[in-house]
Each structure stands twice: as structure tokens, then as C-alpha cells.
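Peer 1: Got a structure for you, final-v9.cif, holding mmCIF, C-alpha atoms.
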```cif
data_coords
#
loop_
_atom_site.label_atom_id
_atom_site.label_comp_id
_atom_site.auth_asym_id
_atom_site.auth_seq_id
_atom_site.Cartn_x
_atom_site.Cartn_y
_atom_site.Cartn_z
CA MET A 1 0.00 0.00 0.00
CA SER A 2 2.50 2.66 1.11
CA ASN A 3 6.01 2.83 2.40
CA THR A 4 5.02 4.69 5.57
CA PRO A 5 6.88 3.15 8.53
CA MET A 6 4.60 1.18 10.83
CA ALA A 7 3.76 3.45 13.73
CA ALA A 8 2.86 2.27 17.20
CA ASN A 9 -0.82 3.18 17.22
CA PRO A 10 -3.67 3.61 14.72
CA LEU A 11 -3.91 7.40 15.20
CA THR A 12 -0.20 7.89 14.48
CA ARG A 13 -0.51 5.63 11.43
CA ALA A 14 -3.50 7.66 10.18
CA VAL A 15 -1.59 10.95 10.62
CA LEU A 16 1.41 9.57 8.71
CA GLU A 17 -0.84 8.15 5.98
CA ILE A 18 -2.51 11.56 5.52
CA ASP A 19 0.87 13.32 5.58
CA GLU A 20 2.15 10.98 2.86
CA TYR A 21 -1.00 11.44 0.76
CA VAL A 22 -0.84 15.24 0.95
CA ALA A 23 2.93 15.20 0.34
CA GLY A 24 2.20 13.40 -2.92
CA LEU A 25 0.07 16.36 -4.00
CA GLY A 26 2.99 18.77 -3.61
CA TRP A 27 3.28 22.01 -1.72
CA ASP A 28 1.17 25.17 -1.87
CA GLN A 29 -2.01 23.19 -1.20
CA PRO A 30 -5.14 24.45 0.55
CA ALA A 31 -6.04 23.14 4.00
CA ARG A 32 -7.64 19.69 3.82
CA LEU A 33 -10.06 18.10 6.28
CA PHE A 34 -10.44 14.35 6.83
CA ALA A 35 -12.94 12.28 8.78
CA LEU A 36 -11.39 9.31 10.58
CA VAL A 37 -13.56 6.22 10.71
CA ASP A 38 -13.06 2.82 12.28
CA THR A 39 -11.97 0.62 9.37
CA ALA A 40 -13.67 -2.57 10.61
CA ARG A 41 -16.95 -0.71 11.22
CA LEU A 42 -16.74 0.92 7.79
CA ARG A 43 -16.21 -2.49 6.13
CA ALA A 44 -19.16 -3.97 8.03
CA GLU A 45 -21.61 -1.08 7.55
CA GLN A 46 -20.63 0.27 4.13
CA PRO A 47 -18.92 -2.52 2.16
CA SER A 48 -19.25 -0.72 -1.21
CA LEU A 49 -17.52 2.39 0.15
CA ALA A 50 -14.84 0.20 1.73
CA ASP A 51 -14.30 -1.43 -1.68
CA ARG A 52 -13.97 1.98 -3.38
CA LEU A 53 -11.40 2.99 -0.77
CA GLY A 54 -9.42 -0.19 -1.44
CA LEU A 55 -10.03 -1.72 2.00
CA ASP A 56 -9.81 -5.43 1.31
CA GLY A 57 -9.89 -6.67 4.88
CA GLY A 58 -6.14 -7.07 5.30
CA GLU A 59 -5.92 -4.00 7.53
CA GLU A 60 -5.35 -4.22 11.24
CA ALA A 61 -8.59 -4.47 13.25
CA ALA A 62 -7.92 -1.24 15.15
CA ALA A 63 -7.09 0.75 12.01
CA LEU A 64 -8.55 4.13 11.17
CA THR A 65 -9.45 5.09 7.60
CA PRO A 66 -9.09 8.76 6.64
CA ILE A 67 -11.80 10.04 4.28
CA GLU A 68 -11.15 13.43 2.71
CA GLN A 69 -14.01 15.89 3.09
CA GLU A 70 -15.20 18.59 0.73
CA GLU A 71 -12.85 21.48 0.15
CA ILE A 72 -12.56 23.99 2.96
CA PRO A 73 -13.98 27.37 1.88
CA SER A 74 -11.03 29.70 1.25
CA GLY A 75 -12.72 32.96 2.25
CA LYS A 76 -13.46 31.91 5.82
CA PRO A 77 -10.97 31.85 8.72
CA LEU A 78 -10.13 28.24 9.65
CA ASP A 79 -11.34 28.56 13.26
CA GLU A 80 -14.72 29.91 12.07
CA PHE A 81 -15.05 27.06 9.55
CA LEU A 82 -14.20 24.44 12.20
CA GLY A 83 -16.88 25.95 14.44
CA THR A 84 -19.52 25.00 11.84
CA ILE A 85 -18.68 21.28 11.75
CA ALA A 86 -20.85 18.59 13.33
CA TRP A 87 -19.68 15.01 12.79
CA PRO A 88 -22.04 12.01 12.55
CA ASP A 89 -21.62 9.25 15.14
CA ALA A 90 -19.82 6.98 12.66
CA VAL A 91 -16.86 9.40 12.61
CA THR A 92 -14.43 8.53 15.41
CA GLY A 93 -11.99 11.35 14.74
CA CYS A 94 -10.87 13.99 12.30
CA ALA A 95 -7.66 15.38 10.87
CA LEU A 96 -6.59 18.58 9.18
CA THR A 97 -3.56 19.42 7.08
CA VAL A 98 -2.50 23.02 6.72
CA GLU A 99 0.64 24.77 5.49
CA ARG A 100 2.14 27.65 7.46
CA LEU A 101 5.27 29.75 7.62
CA MET A 102 7.28 29.38 10.81
CA LEU A 103 10.27 31.17 12.24
CA PRO A 104 12.98 29.44 14.26
CA PRO A 105 12.99 30.41 17.97
CA SER A 106 16.13 32.49 17.35
CA ALA A 107 14.11 34.84 15.11
CA GLU A 108 11.16 35.30 17.45
CA ALA A 109 12.98 37.97 19.49
CA GLU A 110 13.29 40.06 16.31
CA VAL A 111 9.54 40.26 15.69
CA PRO A 112 8.50 43.93 15.72
CA LYS A 113 5.90 44.74 18.37
CA ASP A 114 2.51 46.27 17.56
CA LEU A 115 2.08 44.65 14.13
CA ASP A 116 -1.44 43.78 13.13
CA GLU A 117 -2.01 40.27 11.78
CA ALA A 118 -1.58 41.25 8.11
CA ALA A 119 1.67 43.12 8.79
CA LEU A 120 3.00 40.27 10.93
CA THR A 121 2.15 37.73 8.20
CA LYS A 122 4.03 39.87 5.64
CA TRP A 123 7.00 40.31 7.99
CA VAL A 124 7.27 36.52 8.57
CA ALA A 125 6.86 35.80 4.84
CA GLU A 126 9.81 38.08 4.05
CA HIS A 127 12.07 36.88 6.87
CA PRO A 128 15.21 35.13 5.54
CA GLU A 129 15.00 32.34 8.17
CA ARG A 130 11.32 31.51 7.55
CA GLN A 131 10.48 27.88 6.97
CA GLU A 132 7.44 26.44 5.28
CA VAL A 133 5.86 23.64 7.27
CA ARG A 134 2.93 21.33 6.64
CA MET A 135 1.08 20.37 9.79
CA THR A 136 -1.21 17.34 9.96
CA VAL A 137 -3.19 17.23 13.19
CA ALA A 138 -5.64 14.46 14.12
CA VAL A 139 -7.90 14.01 17.12
CA LEU A 140 -10.30 11.30 18.28
CA ARG A 141 -13.56 11.71 20.17
CA ASP A 142 -11.88 10.33 23.31
CA GLY A 143 -9.43 13.25 23.34
CA SER A 144 -6.45 11.40 21.83
CA ARG A 145 -4.39 13.59 19.53
CA GLU A 146 -1.43 13.22 17.18
CA SER A 147 0.41 15.52 14.80
CA ALA A 148 2.98 15.35 12.05
CA LEU A 149 5.17 18.23 10.90
CA ARG A 150 7.03 18.26 7.60
CA LEU A 151 9.40 21.08 6.64
CA ARG A 152 9.47 21.97 2.96
CA GLU A 153 13.28 22.04 2.98
CA LYS A 154 13.40 18.52 4.47
CA ASP A 155 10.57 17.05 2.41
CA SER A 156 11.11 13.37 3.06
CA PRO A 157 9.05 10.72 4.91
CA THR A 158 12.06 10.06 7.16
CA GLU A 159 12.16 13.72 8.25
CA VAL A 160 8.55 13.93 9.49
CA LEU A 161 8.31 14.90 13.16
CA THR A 162 5.41 13.36 15.10
CA GLY A 163 4.06 14.04 18.57
CA SER A 164 0.79 14.60 20.37
CA ASP A 165 1.43 18.20 21.44
CA LEU A 166 3.20 19.77 18.46
CA VAL A 167 0.22 21.94 17.46
CA PRO A 168 -1.95 22.17 20.61
CA GLY A 169 -4.16 25.06 19.44
CA LEU A 170 -5.19 23.30 16.25
CA ALA A 171 -5.72 20.01 18.11
CA GLN A 172 -8.02 21.82 20.56
CA ALA A 173 -9.99 23.42 17.70
CA LEU A 174 -10.45 19.99 16.07
CA THR A 175 -11.48 18.42 19.39
CA ALA A 176 -14.16 21.12 19.73
CA THR A 177 -15.80 19.83 16.51
CA PHE A 178 -16.95 16.78 18.55
CA GLU A 179 -18.44 18.80 21.42
CA ASP A 180 -22.15 19.54 21.42
#
```
Would you write the structure of this file as C-alpha cells?

Peer 2:
Amino acid sequence: MSNTPMAANPLTRAVLEIDEYVAGLGWDQPARLFALVDTARLRAEQPSLADRLGLDGGEEAAALTPIEQEEIPSGKPLDEFLGTIAWPDAVTGCALTVERLMLPPSAEAEVPKDLDEAALTKWVAEHPERQEVRMTVAVLRDGSRESALRLREKDSPTEVLTGSDLVPGLAQALTATFED
């Protein structure tokens, strides 16, 4: 299927699978939202969809299947868009990929004070030490979370950083999509 290294748990595997899929699309992509569903439940309840997704039954019983959702509207701030989402019960988690510019900690002290968001975005975009990063963040209904970070300059599956608290704000926003 893929050459993603086997990760310890299904959520980490799902994050790495999504990261690999989006990496195959190249950079400069819009944010993408995925529902995470229990693979065994999907095969049992929707066998035709499972067939279309190429799930032949050889997957691990605890596996999660990412299903890409409709395109995220570009004119709306991400946090506002996430606030409009209500997932059906069959969805056990969700994931989001988004590209951002980041500065190394050494450059954060140089950030001019009193910049509005647009001016700050421009300042970061023009900074010589800026780095483009793709973040993939996934959460489950039970509060589990996982993230993967890929730097554009180190764009290789072996250079992907994973961890549960790499992007806590985004993980919290995704978790809120499961709250009533």
C-alpha cells in the first residue's frame, strides 16, 4: 500500500498516511479536512464504500481510515469554519492538514511589536529564516491527539516529526468539533 513506517498506534498511522497522501500532491495546497472512521466498522456497515477505498480486509482491526471531506472554503478563517462542523456518530476522529510559515525560535525575538495580523504575516513571509511547514493534526472523540510536521526544505518521509502536542491550538480546535 504505502512505504510509511509502521507506527505504534492507529492514530499515528493515520496521521502519517494523511501526511504521505498530501505530500504526494505537492506544496502550496489548501487546507484539507479528513474524517477518521473505524476501518472494521466501515467495512461492516458500508462494504461498497470500503471497496472503493481499497479496503480489502487485510488491515489491522484497530485501524482508522481517513476520508477526505469537501474542500474547505477559502474565504473563511479556519477557526470559524471548524466551528460550523458537526460530525455524525460513525466518525471517530478527524484530521486537518495546513501549510504555514514558521520562524525558528532564534528569530522570534526580532519580531516587531505592535504589528497587526496582516503586517505580521508579511514580515514573517519576508524573513530570511522563515520555513514552510505542513502540519497534519488528528484528534479522536476520546481526546487522543497526534500531529505530524514536515518542513518543505526537508521534504522526506524520514524527516517527518510526530508528537501529540506539536500543534496544541489546532488540536483543541479539532477536538471542539466533537463537542455539542

Peer 1: Taking the file above as input, evaluate the PyMOL selection byres ((chain A and resi 61-71) around 7) and report the hits as a ChimeraX atom specification.

Peer 2: /A:10-11,14,32-40,59-60,72-73

Peer 1: If the PyMOL selection byres ((chain A and resi 131) around 9) is run on the structure shown, which residues does it catch, given as a list in words?

Peer 2: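 Applying the PyMOL selection byres ((chain A and resi 131) around 9) to the structure shown produces Arg100, Leu101, Met102, Leu103, Pro104, Ala125, Pro128, Glu129, Arg130, Glu132, Val133, Leu151, Arg152 and Glu153 of chain A.
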
Peer 1: For the PyMOL selection byres ((chain A and resi 154-171) around 9), applied here, can you spell out every residue it catches as JSON, numbers by chain?

Peer 2: {"A": [3, 4, 5, 12, 15, 16, 19, 20, 23, 79, 95, 96, 135, 136, 137, 138, 139, 144, 145, 146, 147, 148, 149, 150, 151, 152, 153, 172, 173, 174, 175, 176]}

Peer 1: Report the distance between CA of Asn9 in chain A and CA of Leu42 in chain A in Å, rounded to one decimal place.

Peer 2: 18.6 Å

Peer 1: To one decimal place in Å, what is the distance between CA of Arg43 in chain A and CA of Thr92 in chain A?

Peer 2: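 Those two atoms sit 14.5 Å apart.
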
Peer 1: For a test of reading the model, state the distance in Å between CA of Ile85 in chain A and CA of Asp116 in chain A, rounded to one decimal.

Peer 2: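 Interatomic distance here is 28.4 Å.
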
Peer 1: Between A:Glu45, A:Asp51, A:Asp114, A:Glu108, which is the closest to Ala90 in chain A once you count only C-alpha atoms?

Peer 2: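 Looking only at the distances to Ala90 in chain A, the closest residue turns out to be A:Glu45.
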
Peer 1: For a quick check of understanding, using only C-alpha atoms, which of A:Ala109, A:Val124, A:Leu140, A:Leu49 has the smallest distance to Trp87 in chain A?

Peer 2: A:Leu140
